[in-house]
Amino acid sequence: MTSTLLPKTEYGAAARFLSTSKKLLIDGEWVNAASGKTFETIDPATENKLADIALGGVEDIDRAVTAARKALEQSPWSRMTPSERQRILHRLGDLILENADELAWLESLDNGKPVSVAKVADIPLTADLFHYMAAQIRVLTGDVVPVSDIAVPGAEFHAYTLREPVGVVGLITPWNYPLLIAAGWQMAACLAAGNTVVLKPSEVTPLSILRFGELALEAGIPPGVINIVPGFGADAGARLSSHPDVDKIGFTGSTRTGRGILKAVADSNLKKVTLELGGKSPDIIMDDADLDVAIPGAAEGIFFNHGQCCCAGSRLYVQEKIYDRVVAGISDYAKTIRLGSGQDPNTQMGPLVSQNQENTVLGYIRSGLEEGAELTAGGRKVGDKGFFVEPTVFVNANRNMKMVREEIFGPVLSIERFTDLNDLVRKANDTEYGLGAGIWTTDLSNAHKVAKAIRSGTVFINCYNVFDAAMPFGGYKQSGWGRNRGKEAFEAYTETKAVYVRLDGIHHTSFACR
């Protein structure tokens, strides 16, 4: 494990941000929690405290929802011209890029990921989503629809549809990509459509999204349009999900929590819901694949972001002919990955995000061994401080094992053989999830056939973990409802209104316009 840390002066802006207690953002003001309570966020590499964060609860969610409703109905936000709202969101994207170094350091300190990764992935992708959604504002339109006269024979109508904001949106977001998912995948589309937001970020990683809140105000977002309330799921998250004055929930996280949100929604006001949930994604290497590309590509498909990716390629299926070579290649690759603090320029994989996550991942590793799988790499905790777990590879795995069936959300890979494509598709689809999949082959005919046969929301062919603002992301089966990113996400944050105007036989009434 590497240990050469950059000096504190290298992240001066982030250090200044950490030097004061962090408050809630409600109605354009930074305020203490109603209870006066705070909680600590810690560095998962050292287990040292980073900052004190105001602990949002039920009363704070209520205050934030009230502010968001007021902003929706009384501020100019939802009624701005498309060009005005576009300029503000584009400016916010610019500010994210201008503050990329600071945001990357905050992300690394709070989440554990390498600063270098946050700089080239999390931060620019977040900015790009704001730029993309800002552009979508100008192209989202309703339709003029030709209608028949069946309902009123002989009548003439002008009929059209309008796209309007859903209203007050509650967003509940995870810790694996704290800024990218909360701000980019969720908030950018929501704001572009003219909604107002109450965000409950993960209490494990609140820092970068709080700094984002400052940038949002600097960009010109009106008070109350964005409200940020860090807190625990049982209090703040539950209240946001069940709040009768919230019109939609956007959630990214576990399938188990997603089910709980659906129950809360059903018991309250049947608000709309978008859910991006768990995954147990198959990655497939066919015997004609370019193994010089496929082996490191499949390894990164599971080990990128410490395996803490919802679409991580955690089930690897390898065709019989090349099985031994792939197992050796990926196992060797795993053994060369350098673990260390995310602020170490030599680090390739940082710690898991928390003690709880470390315990979860180690528990799955133990279960794999107990159920008869064989380790070819990793499998152990590293060091006395920090939540470091070695990149881990299992062989002799099968569908009946807990670690093959369930989402681990850590750097743990199981490898199985397959013979022909029918055998492969059966194994790949033998899961309750359907978020992502990977295919490595030089036979594009087979690539397209298998891509069509696999039931997942995203399929990567000769690549993995490639994302673009214009492409939708979401899952089949228990991996969720709806899509994030792309025009589909933008449209999901709007209501469609149908308007019929009768053009013949119009009679003046006392309500006629003057």
# chains A, B, ... in the order shown; residues from 1 in each chain; ligands from 1
call {"tool": "closest_atom_pairs", "arguments": {"of": "region 39-147 of chain A", "to": "region 298-310 of chain A", "cutoff": "12 Å", "atoms": "only C-alpha atoms", "output": "Markdown table"}}
result
| residue | atom | partner | partner_atom | distance |
| --- | --- | --- | --- | --- |
| A:Glu107 | CA | A:Asn305 | CA | 11.9 |
| A:Ser108 | CA | A:Asn305 | CA | 10.9 |
| A:Asn111 | CA | A:Asn305 | CA | 9.7 |
| A:Gly112 | CA | A:Asn305 | CA | 9.0 |
| A:Lys113 | CA | A:Asn305 | CA | 6.4 |
| A:Pro114 | CA | A:Asn305 | CA | 8.6 |
| A:Val115 | CA | A:Asn305 | CA | 11.4 |
| A:Ser116 | CA | A:Asn305 | CA | 11.6 |
| A:Val117 | CA | A:Asn305 | CA | 8.5 |
| A:Ala118 | CA | A:Asn305 | CA | 9.7 |
| A:Ala121 | CA | A:Asn305 | CA | 10.5 |
| A:Asp122 | CA | A:Asn305 | CA | 10.6 |
call {"tool": "write_last_selection", "arguments": {"atoms": "N, CA and C atoms", "output": "tab-separated table (two decimals), in the first residue's frame"}}
result
chain	number	residue	atom	x	y	z
A	107	GLU	N	-13.72	15.34	-3.04
A	107	GLU	CA	-14.25	14.03	-3.38
A	107	GLU	C	-13.32	12.93	-2.91
A	108	SER	N	-12.03	13.13	-3.10
A	108	SER	CA	-11.04	12.14	-2.69
A	108	SER	C	-10.99	11.97	-1.18
A	111	ASN	N	-14.60	10.41	-0.07
A	111	ASN	CA	-14.99	9.12	-0.64
A	111	ASN	C	-13.85	8.11	-0.66
A	112	GLY	N	-12.59	8.60	-0.80
A	112	GLY	CA	-11.44	7.71	-0.86
A	112	GLY	C	-10.86	7.52	-2.24
A	113	LYS	N	-11.59	7.94	-3.28
A	113	LYS	CA	-11.09	7.72	-4.64
A	113	LYS	C	-9.87	8.58	-4.92
A	114	PRO	N	-8.99	8.15	-5.82
A	114	PRO	CA	-7.82	8.97	-6.15
A	114	PRO	C	-8.21	10.34	-6.71
A	115	VAL	N	-7.48	11.36	-6.31
A	115	VAL	CA	-7.70	12.71	-6.85
A	115	VAL	C	-7.61	12.69	-8.37
A	116	SER	N	-6.65	11.93	-8.88
A	116	SER	CA	-6.45	11.88	-10.33
A	116	SER	C	-7.68	11.36	-11.06
A	117	VAL	N	-8.38	10.40	-10.46
A	117	VAL	CA	-9.60	9.86	-11.07
A	117	VAL	C	-10.72	10.88	-11.02
A	118	ALA	N	-10.89	11.51	-9.86
A	118	ALA	CA	-11.95	12.52	-9.74
A	118	ALA	C	-11.75	13.66	-10.73
A	121	ALA	N	-12.63	12.20	-14.34
A	121	ALA	CA	-13.93	11.53	-14.52
A	121	ALA	C	-15.04	12.29	-13.82
A	122	ASP	N	-15.09	12.25	-12.50
A	122	ASP	CA	-16.24	12.78	-11.76
A	122	ASP	C	-16.53	14.25	-12.06
call {"tool": "residues_around", "arguments": {"residues": "region 367-378 of chain A", "least_positions_apart": "3", "cutoff": "7 Å", "atoms": "only C-alpha atoms", "output": "PyMOL selection string"}}
result
chain A and resi 331+334-335+363-364+390-397+401-403
call {"tool": "write_last_selection", "arguments": {"atoms": "N, CA and C atoms", "output": "CSV table (one decimal), in the first residue's frame"}}
result
chain,number,residue,atom,x,y,z
A,331,SER,N,-6.0,-12.1,-12.6
A,331,SER,CA,-5.5,-12.3,-11.2
A,331,SER,C,-4.1,-11.5,-11.1
A,334,ALA,N,-4.9,-7.8,-10.8
A,334,ALA,CA,-5.4,-7.4,-9.5
A,334,ALA,C,-4.2,-7.3,-8.5
A,335,LYS,N,-3.2,-8.2,-8.7
A,335,LYS,CA,-2.1,-8.2,-7.7
A,335,LYS,C,-1.2,-7.0,-7.9
A,363,GLY,N,-17.3,-9.7,4.5
A,363,GLY,CA,-18.3,-10.7,4.7
A,363,GLY,C,-18.6,-11.5,3.5
A,364,TYR,N,-18.7,-10.9,2.3
A,364,TYR,CA,-19.0,-11.6,1.1
A,364,TYR,C,-17.8,-12.5,0.7
A,390,GLU,N,-8.1,-5.7,-0.5
A,390,GLU,CA,-7.4,-6.1,-1.7
A,390,GLU,C,-8.3,-6.3,-2.9
A,391,PRO,N,-8.0,-6.0,-4.1
A,391,PRO,CA,-8.7,-6.5,-5.3
A,391,PRO,C,-8.7,-8.0,-5.3
A,392,THR,N,-9.9,-8.5,-5.4
A,392,THR,CA,-10.1,-10.0,-5.1
A,392,THR,C,-10.7,-10.7,-6.3
A,393,VAL,N,-10.2,-11.9,-6.6
A,393,VAL,CA,-10.7,-12.7,-7.8
A,393,VAL,C,-11.0,-14.1,-7.3
A,394,PHE,N,-12.2,-14.6,-7.6
A,394,PHE,CA,-12.6,-15.9,-7.3
A,394,PHE,C,-12.9,-16.7,-8.5
A,395,VAL,N,-12.5,-18.0,-8.5
A,395,VAL,CA,-12.9,-19.0,-9.5
A,395,VAL,C,-13.7,-20.1,-8.9
A,396,ASN,N,-14.1,-21.0,-9.7
A,396,ASN,CA,-15.0,-22.1,-9.2
A,396,ASN,C,-16.2,-21.6,-8.5
A,397,ALA,N,-16.7,-20.5,-9.0
A,397,ALA,CA,-17.9,-19.9,-8.5
A,397,ALA,C,-19.1,-20.4,-9.3
A,401,MET,N,-24.0,-19.5,-5.1
A,401,MET,CA,-23.3,-18.8,-4.1
A,401,MET,C,-23.8,-17.4,-3.8
A,402,LYS,N,-23.8,-17.0,-2.5
A,402,LYS,CA,-24.3,-15.7,-2.1
A,402,LYS,C,-23.5,-14.6,-2.8
A,403,MET,N,-22.2,-14.7,-2.9
A,403,MET,CA,-21.4,-13.6,-3.5
A,403,MET,C,-21.6,-13.5,-5.0
call {"tool": "select_by_dssp", "arguments": {"residues": "region 4-206 of chain A", "states": "strand (DSSP E)", "output": "mmCIF file with C-alpha atoms, in the first residue's frame"}}
result
data_model
loop_
_atom_site.group_PDB
_atom_site.id
_atom_site.type_symbol
_atom_site.label_atom_id
_atom_site.label_comp_id
_atom_site.auth_asym_id
_atom_site.auth_seq_id
_atom_site.Cartn_x
_atom_site.Cartn_y
_atom_site.Cartn_z
ATOM 1 C CA LEU A 24 -27.593 23.113 5.554
ATOM 2 C CA LEU A 25 -28.596 25.079 2.462
ATOM 3 C CA ILE A 26 -32.254 26.112 2.806
ATOM 4 C CA GLU A 29 -29.145 30.582 3.279
ATOM 5 C CA TRP A 30 -26.624 28.404 5.121
ATOM 6 C CA VAL A 31 -28.317 27.443 8.393
ATOM 7 C CA THR A 38 -23.942 17.781 13.887
ATOM 8 C CA PHE A 39 -22.172 14.660 12.716
ATOM 9 C CA GLU A 40 -18.632 13.938 11.563
ATOM 10 C CA THR A 41 -17.497 13.006 8.092
ATOM 11 C CA ILE A 42 -14.208 11.112 8.034
ATOM 12 C CA LYS A 49 -12.324 13.544 11.061
ATOM 13 C CA LEU A 50 -12.604 15.890 8.096
ATOM 14 C CA ALA A 51 -15.419 18.218 9.174
ATOM 15 C CA ASP A 52 -18.536 18.665 11.300
ATOM 16 C CA ILE A 53 -21.757 18.617 9.263
ATOM 17 C CA ALA A 54 -25.142 19.926 10.358
ATOM 18 C CA VAL A 144 -49.171 19.976 -32.297
ATOM 19 C CA VAL A 145 -51.398 16.920 -32.698
ATOM 20 C CA PHE A 157 -59.815 21.583 -33.168
ATOM 21 C CA HIS A 158 -56.317 22.890 -32.630
ATOM 22 C CA ALA A 159 -54.708 20.440 -30.185
ATOM 23 C CA TYR A 160 -51.248 20.611 -28.669
ATOM 24 C CA THR A 161 -49.164 19.372 -25.741
ATOM 25 C CA LEU A 162 -47.094 21.317 -23.220
ATOM 26 C CA ARG A 163 -44.112 20.184 -21.163
ATOM 27 C CA GLU A 164 -44.231 21.636 -17.659
ATOM 28 C CA PRO A 165 -42.138 21.094 -14.520
ATOM 29 C CA VAL A 168 -40.906 20.071 -6.018
ATOM 30 C CA VAL A 169 -38.487 17.164 -6.414
ATOM 31 C CA GLY A 170 -36.812 15.246 -3.614
ATOM 32 C CA LEU A 171 -33.461 13.710 -4.536
ATOM 33 C CA ILE A 172 -31.775 11.020 -2.415
ATOM 34 C CA THR A 196 -37.081 23.036 -7.544
ATOM 35 C CA VAL A 197 -35.049 20.571 -5.471
ATOM 36 C CA VAL A 198 -34.580 19.249 -1.964
ATOM 37 C CA LEU A 199 -31.486 17.052 -1.935
ATOM 38 C CA LYS A 200 -30.568 14.590 0.791
#
call {"tool": "closest_residue", "arguments": {"among": "A:Leu92, A:Ala469, A:Ile285, A:Leu106", "to": "Asp443 (chain A)", "atoms": "only C-alpha atoms"}}
result
A:Ile285
call {"tool": "residues_around", "arguments": {"residues": "region 351-360 of chain A", "least_positions_apart": "4", "cutoff": "9 Å", "atoms": "only C-alpha atoms", "output": "short mmCIF file (atom, residue, chain, number, x, y, z; two decimals) with C-alpha atoms, in the first residue's frame"}}
result
data_model
loop_
_atom_site.label_atom_id
_atom_site.label_comp_id
_atom_site.auth_asym_id
_atom_site.auth_seq_id
_atom_site.Cartn_x
_atom_site.Cartn_y
_atom_site.Cartn_z
CA ILE A 42 -14.21 11.11 8.03
CA ASP A 43 -11.36 10.32 5.69
CA PRO A 44 -11.71 6.59 4.87
CA ALA A 45 -7.95 6.31 4.27
CA GLU A 47 -10.23 7.36 9.77
CA ASP A 110 -14.55 12.15 1.64
CA ASN A 111 -14.99 9.12 -0.64
CA GLY A 112 -11.44 7.71 -0.86
CA LYS A 113 -11.09 7.72 -4.64
CA TRP A 175 -21.82 7.92 -1.68
CA ASN A 176 -19.97 6.20 -4.55
CA VAL A 204 -21.12 9.41 4.37
CA THR A 205 -19.92 11.85 1.67
CA ASN A 305 -13.79 3.11 -8.18
CA HIS A 306 -12.85 0.25 -5.82
CA GLY A 307 -15.70 -1.83 -7.25
CA GLN A 308 -18.15 0.66 -5.77
CA LEU A 339 -3.62 0.64 -2.81
CA GLY A 340 -3.26 3.86 -0.88
CA SER A 341 -4.73 7.20 0.06
CA GLY A 342 -6.55 8.97 -2.73
CA TYR A 364 -18.99 -11.59 1.09
CA ILE A 365 -15.39 -12.76 0.65
CA LYS A 381 -7.96 -6.39 4.54
CA GLY A 386 -8.30 2.96 6.78
CA PHE A 387 -10.80 0.72 5.02
CA PHE A 388 -8.55 -1.01 2.49
CA VAL A 389 -9.48 -4.35 0.90
CA ILE A 408 -21.25 -6.71 -3.18
CA PHE A 409 -20.32 -3.14 -4.13
CA GLY A 410 -16.63 -3.77 -3.69
#
call {"tool": "select_by_dssp", "arguments": {"residues": "region 172-340 of chain A", "states": "alpha helix (DSSP H)", "output": "PyMOL selection string"}}
result
chain A and resi 178-179+188-192+207-219+238-242+255-267+291-303+323-336
call {"tool": "atom_distance", "arguments": {"atom1": "CA of Gly57 (chain A)", "atom2": "CA of Lys22 (chain A)"}}
result
15.1 Å
call {"tool": "residues_around", "arguments": {"residues": "region 320-324 of chain A", "least_positions_apart": "5", "cutoff": "10 Å", "atoms": "only C-alpha atoms", "output": "VMD selection string"}}
result
chain A and resid 285 to 289 291 329 415 to 420
call {"tool": "closest_atom_pairs", "arguments": {"of": "region 88-137 of chain A", "to": "region 177-183 of chain A", "cutoff": "7 Å", "atoms": "only C-alpha atoms", "output": "tab-separated table"}}
result
residue	atom	partner	partner_atom	distance
A:Asp122	CA	A:Leu180	CA	5.5
A:Ile123	CA	A:Leu180	CA	6.9
A:Leu125	CA	A:Leu180	CA	6.9
A:Thr126	CA	A:Leu180	CA	5.0
